[in-house]
Amino acid sequence: MPWKTVTPMEEIIRFVSLARSDRFTHTDLCEQFGISRKTGYKYLERYALDGLKGLQPRSHRPHSSPRRTPEAIEALVLAERQLHRTWGPKKLRRVLETKHGIEAPPACSTIAEMLRRSGLSARRHRRPGAYPSADHGLTEATQPNHVWTVDFKGWFILGDGRRCDPLTVSDLCTRFVIELKAQPNQQGKGTLASFHALAAEVGLPEIIRVDHGSPFASVGLGRLSALSIWWIEQGIEVEFTRPGKPQDNGAHERMHRDLKAEATRPPSANMAAQQRRFEHWRHVFNHERPHEALGMRCPAQLYRPSARRLDEQDRPVVYPADFEVKVVSTSGFLAHEGHNYHLGEIFAGKRVGLRRGPDERTELYFANVHLGNLVFDPAERFRPTAYIAPPNRKSLATSSTS
């Protein structure tokens with residue numbers, strides 16, 4: 001026969017029954033049941049007032065909560081979270097102040113509890129040191145249009161079966177998304193046309209930071225492509241991140257994560273619909289979304305168009321007086337001292353500079369970019385006797401024109 005399980009309620013009723021029988025002293029009975037004398041008197045008083053009903057467990061919740069967040073404010077928090085699925089408590093608290101005029105909004109911890117209680121968020125444990133911060137020679141932006149970060153967000157298929165490659169351009173200092181364009185591919189010609197239009201609209205930056213992917217870079221000299229050459233011709237310094245190091249462009253990658261979650265899932269029906277969706281998302285990101293790195297201000301509060309304007313006239317690159325200037329042939333070859341050196345078709349018709357380096361080698365430059373050294377070795381049997389050797393550096397830093 002199994003042992004009988006006794007509930008706490010049954011024990012309380014048994015204690016009251018024995019206490020009212022006057023067969024035990026109050027002290028002895030409390031010791032037998034393992035409760036304090038105060039607790040024993042509490043149960044007897046409740047039974048005297050309400051009978052068995054008075055012995056039922058009672059909630060410890062206070063009768064009133066004067067500091068409880070009003071339901072109307074909680075409804076605003078949940079409504080804003082439904083509109084912006086990636087926004088956390090800090091951003092939502094700021095929106096309550098700026099958009100809804102609430103002078104004393106709930107604390108971030110209170111808002112976080114509201115979201116968890118409503119099933120709109122869950123506790124997340126971050127891996128420590130996933131993206132360590134380090135200085136790898138990249139420029140720190142100090143003002144608007146100092147550094148632009150440029151990339152393509154991963155492509156996806158639209159509802160009509162066409163491919164969409166979003167081109168994204170943002171200002172590193174203010175986090176302002178300058179361009180968000182749905183393109184059918186990542187080809188250099190279309191991207192160059194996009195930058196022509198963008199430069200005519202908002203001007204030019206001092207530096208553009210990109211990764212080593214096409215169409216921003218190539219496997220040719222200096223890792224330059226037709227697009228990055230055009231940037232340099234406009235007086236823009238091109239700054240390459242390290243291969244396979246997304247943290248070098250961390251702010252841009254973080255923006256891509258929100259873009260993917262809020263404006264690409266599910267994809268729109270066609271390119272025009274997707275572009276309208278992108279424009280709406282860009283407006284919200286720039287004008288409504290508070291940014292922690294900006295002191296919870298919006299990017300549009302800080303960004304201004306560049307004073308450096310696009311010069312449509314074809315101006316040649318100017319070199320210092322001690323450089324020998326040559327023009328690359330239409331087939332991409334450079335003639336020097338009776339030998340031909342292959343630079344690549346992207347340099348066809350471009351002015352390049354030559355100068356003698358410290359080791360007496362002839363250094364080859366495009367603007368201030370050291371492309372390599374001219375080498376002539378008639379003893380070479382398995383490669384051309386005239387070729388371009390890369391500079392004796394692990395990375396190529398590009399600079400603006402002189």
# chains A, B, ... in the order shown; residues from 1 in each chain; ligands from 1
>>> select_by_dssp(residues="segment 123-313 of chain A", states="alpha helix (DSSP H)", output="PyMOL selection string")
chain A and resi 188-202+226-233+250-263+271-287
>>> closest_atom_pairs(of="segment 82-167 of chain A", to="segment 271-282 of chain A", cutoff="10 Å", atoms="only C-alpha atoms", output="tab-separated table")
residue	atom	partner	partner_atom	distance
A:Ile157	CA	A:Met271	CA	9.9
A:Leu158	CA	A:Met271	CA	7.2
A:Gly159	CA	A:Met271	CA	9.0
A:Asp160	CA	A:Met271	CA	8.7
A:Arg162	CA	A:Met271	CA	7.9
A:Arg163	CA	A:Met271	CA	8.7
A:Cys164	CA	A:Met271	CA	7.2
A:Pro166	CA	A:Phe278	CA	9.0
>>> write_last_selection(atoms="N, CA and C atoms", output="PDB file, in the first residue's frame")
ATOM      1  N   ILE A 157      16.385  36.421 -54.125  1.00  0.00           N
ATOM      2  CA  ILE A 157      15.471  36.302 -55.276  1.00  0.00           C
ATOM      3  C   ILE A 157      14.144  36.966 -54.955  1.00  0.00           C
ATOM      4  N   LEU A 158      13.701  37.819 -55.864  1.00  0.00           N
ATOM      5  CA  LEU A 158      12.417  38.509 -55.713  1.00  0.00           C
ATOM      6  C   LEU A 158      11.257  37.581 -56.070  1.00  0.00           C
ATOM      7  N   GLY A 159      10.065  38.082 -55.833  1.00  0.00           N
ATOM      8  CA  GLY A 159       8.881  37.279 -56.114  1.00  0.00           C
ATOM      9  C   GLY A 159       8.722  36.916 -57.573  1.00  0.00           C
ATOM     10  N   ASP A 160       9.237  37.757 -58.484  1.00  0.00           N
ATOM     11  CA  ASP A 160       9.131  37.465 -59.913  1.00  0.00           C
ATOM     12  C   ASP A 160      10.288  36.618 -60.429  1.00  0.00           C
ATOM     13  N   ARG A 162      13.527  37.311 -60.265  1.00  0.00           N
ATOM     14  CA  ARG A 162      14.730  38.065 -60.603  1.00  0.00           C
ATOM     15  C   ARG A 162      15.642  38.186 -59.379  1.00  0.00           C
ATOM     16  N   ARG A 163      16.914  38.364 -59.640  1.00  0.00           N
ATOM     17  CA  ARG A 163      17.908  38.520 -58.587  1.00  0.00           C
ATOM     18  C   ARG A 163      17.987  39.983 -58.167  1.00  0.00           C
ATOM     19  N   CYS A 164      18.165  40.217 -56.853  1.00  0.00           N
ATOM     20  CA  CYS A 164      18.322  41.572 -56.329  1.00  0.00           C
ATOM     21  C   CYS A 164      19.617  41.648 -55.536  1.00  0.00           C
ATOM     22  N   PRO A 166      21.393  44.414 -53.337  1.00  0.00           N
ATOM     23  CA  PRO A 166      21.298  45.759 -52.748  1.00  0.00           C
ATOM     24  C   PRO A 166      22.683  46.398 -52.575  1.00  0.00           C
TER      25      PRO A 166
END
>>> closest_residue(among="A:Ala79, A:Val318, A:Leu44, A:Ile111", to="Arg94 of chain A", atoms="only C-alpha atoms")
A:Ile111
>>> closest_residue(among="A:Arg175, A:Arg257, A:Arg356, A:Arg304", to="Asn286 of chain A", atoms="only C-alpha atoms")
A:Arg175
>>> residues_around(residues="segment 327-339 of chain A", least_positions_apart="3", cutoff="10 Å", atoms="only C-alpha atoms", output="PyMOL selection string")
chain A and resi 342-354+374-376+385-387
>>> write_last_selection(atoms="N, CA and C atoms", output="compact mmCIF listing (two decimals), in the first residue's frame")
# COMPACT_ATOMS: atom_id res chain seq x y z
N HIS A 342 52.97 44.81 -68.85
CA HIS A 342 51.52 44.69 -68.90
C HIS A 342 50.90 45.16 -67.58
N LEU A 343 50.05 46.20 -67.65
CA LEU A 343 49.36 46.72 -66.48
C LEU A 343 47.92 46.22 -66.39
N GLY A 344 47.32 45.91 -67.51
CA GLY A 344 45.92 45.51 -67.52
C GLY A 344 45.06 46.53 -68.23
N GLU A 345 43.95 46.07 -68.78
CA GLU A 345 43.10 46.94 -69.58
C GLU A 345 42.44 48.05 -68.76
N ILE A 346 42.27 47.85 -67.45
CA ILE A 346 41.62 48.90 -66.66
C ILE A 346 42.48 50.15 -66.57
N PHE A 347 43.78 50.03 -66.86
CA PHE A 347 44.66 51.20 -66.86
C PHE A 347 44.83 51.79 -68.25
N ALA A 348 44.14 51.27 -69.26
CA ALA A 348 44.29 51.76 -70.63
C ALA A 348 43.98 53.25 -70.71
N GLY A 349 44.91 54.00 -71.28
CA GLY A 349 44.74 55.44 -71.43
C GLY A 349 44.99 56.24 -70.17
N LYS A 350 45.37 55.61 -69.07
CA LYS A 350 45.60 56.32 -67.81
C LYS A 350 47.03 56.82 -67.73
N ARG A 351 47.21 57.93 -67.04
CA ARG A 351 48.54 58.47 -66.78
C ARG A 351 49.11 57.81 -65.52
N VAL A 352 50.29 57.24 -65.64
CA VAL A 352 50.96 56.63 -64.49
C VAL A 352 52.29 57.34 -64.26
N GLY A 353 52.81 57.22 -63.05
CA GLY A 353 54.06 57.90 -62.69
C GLY A 353 55.16 56.91 -62.38
N LEU A 354 56.38 57.22 -62.80
CA LEU A 354 57.56 56.39 -62.54
C LEU A 354 58.60 57.21 -61.78
N LEU A 374 59.06 48.00 -61.70
CA LEU A 374 59.38 47.48 -63.03
C LEU A 374 60.65 46.65 -62.96
N VAL A 375 60.55 45.43 -63.47
CA VAL A 375 61.69 44.50 -63.42
C VAL A 375 61.97 44.00 -64.83
N PHE A 376 63.25 44.09 -65.25
CA PHE A 376 63.68 43.50 -66.52
C PHE A 376 64.80 42.52 -66.22
N THR A 385 60.46 38.53 -69.63
CA THR A 385 61.67 39.16 -69.10
C THR A 385 61.37 40.53 -68.52
N ALA A 386 60.27 41.17 -68.95
CA ALA A 386 59.86 42.47 -68.43
C ALA A 386 58.52 42.28 -67.72
N TYR A 387 58.51 42.53 -66.41
CA TYR A 387 57.27 42.32 -65.66
C TYR A 387 57.25 43.30 -64.48
>>> residues_around(residues="Glu312 of chain A", least_positions_apart="6", cutoff="12 Å", atoms="only C-alpha atoms", output="list in words")
His196, Ala197, Ala199, Ala200, Gly203, Trp230, Glu233 and Gln234 of chain A
>>> residues_around(residues="Ser109 of chain A", least_positions_apart="3", cutoff="8 Å", atoms="only C-alpha atoms", output="ChimeraX atom specification")
/A:89,112-113
>>> write_last_selection(atoms="all heavy atoms", output="PDB file, in the first residue's frame")
ATOM      1  N   PRO A  89      15.344  47.649 -25.968  1.00  0.00           N
ATOM      2  CA  PRO A  89      14.788  48.558 -24.956  1.00  0.00           C
ATOM      3  C   PRO A  89      15.334  49.980 -25.023  1.00  0.00           C
ATOM      4  O   PRO A  89      14.583  50.934 -24.804  1.00  0.00           O
ATOM      5  CB  PRO A  89      15.173  47.872 -23.642  1.00  0.00           C
ATOM      6  CG  PRO A  89      15.289  46.432 -23.991  1.00  0.00           C
ATOM      7  CD  PRO A  89      15.852  46.397 -25.376  1.00  0.00           C
ATOM      8  N   ALA A 112      12.412  45.786 -21.202  1.00  0.00           N
ATOM      9  CA  ALA A 112      12.863  44.436 -21.555  1.00  0.00           C
ATOM     10  C   ALA A 112      11.939  43.378 -20.961  1.00  0.00           C
ATOM     11  O   ALA A 112      11.619  42.378 -21.611  1.00  0.00           O
ATOM     12  CB  ALA A 112      14.291  44.227 -21.070  1.00  0.00           C
ATOM     13  N   GLU A 113      11.481  43.604 -19.731  1.00  0.00           N
ATOM     14  CA  GLU A 113      10.562  42.656 -19.106  1.00  0.00           C
ATOM     15  C   GLU A 113       9.209  42.641 -19.820  1.00  0.00           C
ATOM     16  O   GLU A 113       8.581  41.593 -19.977  1.00  0.00           O
ATOM     17  CB  GLU A 113      10.383  43.018 -17.630  1.00  0.00           C
ATOM     18  CG  GLU A 113       9.477  42.070 -16.869  1.00  0.00           C
ATOM     19  CD  GLU A 113       9.964  40.639 -16.899  1.00  0.00           C
ATOM     20  OE1 GLU A 113      11.188  40.418 -16.918  1.00  0.00           O
ATOM     21  OE2 GLU A 113       9.100  39.732 -16.921  1.00  0.00           O
TER      22      GLU A 113
END
>>> closest_residue(among="A:Asp211, A:Asp22, A:Glu179, A:Glu237", to="Leu198 of chain A", atoms="only C-alpha atoms")
A:Glu179
>>> residues_around(residues="Ser228 of chain A", least_positions_apart="5", cutoff="8 Å", atoms="only C-alpha atoms", output="list of chain:residue names")
A:Phe216, A:Ala217, A:Val238
>>> write_last_selection(atoms="N, CA, C and O atoms", output="compact mmCIF listing (two decimals), in the first residue's frame")
# COMPACT_ATOMS: atom_id res chain seq x y z
N PHE A 216 34.57 46.34 -56.41
CA PHE A 216 35.40 47.34 -55.74
C PHE A 216 36.89 47.06 -55.91
O PHE A 216 37.70 47.99 -55.93
N ALA A 217 37.25 45.79 -55.99
CA ALA A 217 38.65 45.41 -56.10
C ALA A 217 38.81 44.37 -57.21
O ALA A 217 37.82 43.90 -57.79
N VAL A 238 40.98 55.23 -51.44
CA VAL A 238 40.32 53.93 -51.35
C VAL A 238 41.01 53.11 -50.27
O VAL A 238 42.23 52.90 -50.33
